[in-house]
Every structure is written in structure tokens, then in C-alpha cells.
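Quick look at model-v8.cif (mmCIF, C-alpha atoms and all ligand atoms; chains and numbers go by the auth columns):
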data_my_file
#
loop_
_atom_site.group_PDB
_atom_site.id
_atom_site.type_symbol
_atom_site.label_atom_id
_atom_site.label_comp_id
_atom_site.label_asym_id
_atom_site.label_seq_id
_atom_site.Cartn_x
_atom_site.Cartn_y
_atom_site.Cartn_z
_atom_site.B_iso_or_equiv
_atom_site.auth_seq_id
_atom_site.auth_asym_id
ATOM 1 C CA MET A 1 -6.200 0.083 7.072 0.00 1 B
ATOM 2 C CA LYS A 2 -5.293 -2.934 4.981 0.00 2 B
ATOM 3 C CA CYS A 3 -2.654 -3.383 2.338 0.00 3 B
ATOM 4 C CA ASP A 4 -4.340 -3.649 -1.063 0.00 4 B
ATOM 5 C CA ILE A 5 -1.775 -6.168 -2.291 0.00 5 B
ATOM 6 C CA CYS A 6 -1.268 -8.742 0.485 0.00 6 B
ATOM 7 C CA LYS A 7 -4.402 -7.765 2.483 0.00 7 B
ATOM 8 C CA ALA A 8 -2.368 -7.668 5.664 0.00 8 B
ATOM 9 C CA LYS A 9 -3.321 -5.203 8.332 0.00 9 B
ATOM 10 C CA ALA A 10 -1.133 -2.137 8.223 0.00 10 B
ATOM 11 C CA GLU A 11 1.166 -1.320 11.077 0.00 11 B
ATOM 12 C CA TYR A 12 1.160 2.165 12.477 0.00 12 B
ATOM 13 C CA THR A 13 3.837 4.496 13.698 0.00 13 B
ATOM 14 C CA PHE A 14 3.508 6.080 17.103 0.00 14 B
ATOM 15 C CA LEU A 15 1.988 9.047 15.272 0.00 15 B
ATOM 16 C CA LYS A 16 -0.783 6.744 14.005 0.00 16 B
ATOM 17 C CA LYS A 17 0.505 6.982 10.485 0.00 17 B
ATOM 18 C CA PRO A 18 0.241 3.714 8.547 0.00 18 B
ATOM 19 C CA LEU A 19 3.598 2.243 7.578 0.00 19 B
ATOM 20 C CA GLY A 20 3.545 2.152 3.812 0.00 20 B
ATOM 21 C CA THR A 21 2.573 4.278 0.900 0.00 21 B
ATOM 22 C CA TYR A 22 -0.486 5.404 -1.028 0.00 22 B
ATOM 23 C CA ILE A 23 -0.827 4.857 -4.727 0.00 23 B
ATOM 24 C CA GLY A 24 -3.299 6.835 -6.803 0.00 24 B
ATOM 25 C CA SER A 25 -5.611 9.530 -5.539 0.00 25 B
ATOM 26 C CA GLY A 26 -9.184 10.158 -4.504 0.00 26 B
ATOM 27 C CA LYS A 27 -11.504 7.158 -4.348 0.00 27 B
ATOM 28 C CA ALA A 28 -9.046 5.027 -6.295 0.00 28 B
ATOM 29 C CA ARG A 29 -6.345 5.557 -3.720 0.00 29 B
ATOM 30 C CA LYS A 30 -4.761 2.315 -2.568 0.00 30 B
ATOM 31 C CA PHE A 31 -2.605 1.530 0.387 0.00 31 B
ATOM 32 C CA VAL A 32 0.546 -0.564 0.086 0.00 32 B
ATOM 33 C CA CYS A 33 2.448 -1.791 3.122 0.00 33 B
ATOM 34 C CA THR A 34 6.212 -1.418 3.421 0.00 34 B
ATOM 35 C CA LYS A 35 6.754 -5.131 2.794 0.00 35 B
ATOM 36 C CA CYS A 36 4.981 -5.042 -0.570 0.00 36 B
ATOM 37 C CA GLN A 37 6.675 -1.767 -1.321 0.00 37 B
ATOM 38 C CA LYS A 38 10.037 -3.494 -0.925 0.00 38 B
ATOM 39 C CA THR A 39 9.173 -6.592 -2.923 0.00 39 B
ATOM 40 C CA ASN A 40 7.498 -4.807 -5.830 0.00 40 B
ATOM 41 C CA SER A 41 8.639 -2.022 -8.080 0.00 41 B
ATOM 42 C CA GLN A 42 6.443 1.039 -8.519 0.00 42 B
ATOM 43 C CA GLU A 43 5.422 -0.294 -11.906 0.00 43 B
ATOM 44 C CA GLU A 44 4.488 -3.718 -10.534 0.00 44 B
ATOM 45 C CA LEU A 45 2.434 -2.137 -7.786 0.00 45 B
ATOM 46 C CA THR A 46 0.496 0.009 -10.217 0.00 46 B
ATOM 47 C CA THR A 47 -0.169 -2.998 -12.443 0.00 47 B
ATOM 48 C CA LYS A 48 -1.356 -5.169 -9.567 0.00 48 B
ATOM 49 C CA LEU A 49 -3.596 -2.476 -8.121 0.00 49 B
ATOM 50 C CA THR A 50 -5.300 -1.557 -11.366 0.00 50 B
ATOM 51 C CA LYS A 51 -6.172 -5.127 -12.335 0.00 51 B
HETATM 52 ZN ZN ZN B . 1.271 -5.695 1.701 0.00 1 P
#
Show me this structure written as C-alpha cells.
Amino acid sequence: MKCDICKAKAEYTFLKKPLGTYIGSGKARKFVCTKCQKTNSQEELTTKLTK
């Protein structure tokens, strides 16, 4: 799993859950790592991912 903003490889919790969040749904679903989540607002993330 890679972050769709910074393209960094996602880190995983011990439960194998990627550290970050998903934006969108279905095939258009994007992954955003915690770092990008912190440095971007929800609005900025949506804008960057839909470009
Ligand atoms: Zn990222």
C-alpha cells in the first residue's frame, strides 16, 4: 500500500492495518498516510487526489 499523495510506502500496525486513512470509495478509493493527513486538510486532500 502506497500513499496516493507522497507515494511513500504505508506503515502498518501490528494488526496489519495501514496507518492512514482512505478517501473516496470503490475503485476511486485512495490511501493517505498519517503524515499527509496531518499536513493537509480534508479539503486539500480531496483536491489533490481528484486532480
Ligand atoms: Zn503520504
Find the spatial neighbours of Met1 of chain B, counting only C-alpha atoms, within a cut-off of 12 Å - ignore same-chain residues fewer than 3 positions away - and output them as a VMD selection string.
chain B and resid 4 7 to 12 16 to 22 30 to 33
To one decimal place in Å, what is the distance between atom CA of Lys48 of chain B and atom CA of Leu15 of chain B?
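If I compute the distance from atom CA of Lys48 of chain B to atom CA of Leu15 of chain B, I get 28.8 Å.
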Identify which of the residues B:Cys36, B:Ala28, B:Ile23, B:Leu45 lies closest to ligand ZN 1 (chain P), counting all atoms listed in the file when measuring atom-to-atom distances.
B:Cys36
For the atom pair atom CA of Thr47 of chain B and atom CA of Gly24 of chain B, what is the interatomic distance in Å to one decimal place?
11.8 Å
Taking every listed atom of segment 13-22 of chain B and adding 5 Å to each side, what centre and edge lengths in Å (one decimal) does the axis-aligned box have, as lines of an AutoDock Vina configuration file?
center_x = 1.5
center_y = 5.6
center_z = 8.0
size_x = 14.6
size_y = 16.9
size_z = 28.1
State, in Å with one decimal place, the distance from atom CA of Thr39 of chain B to atom ZN of ligand ZN 1 (chain P).
9.2 Å
In terms of the shortest atom-to-atom distance over all atoms listed in the file, which of B:Thr46, B:Ser25, B:Asn40, B:Thr13 is closest to ligand ZN 1 (chain P)?
B:Asn40
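With only C-alpha atoms and all ligand atoms as the basis for measurement, B:Leu49 is the residue among B:Leu49, B:Phe14, B:Gly26, B:Glu43 that approaches ligand ZN 1 (chain P) most closely.
When all atoms listed in the file are used to measure the gap to ligand ZN 1 (chain P), the shortest distance among B:Cys3, B:Lys51, B:Ser41, B:Lys27 belongs to B:Cys3.
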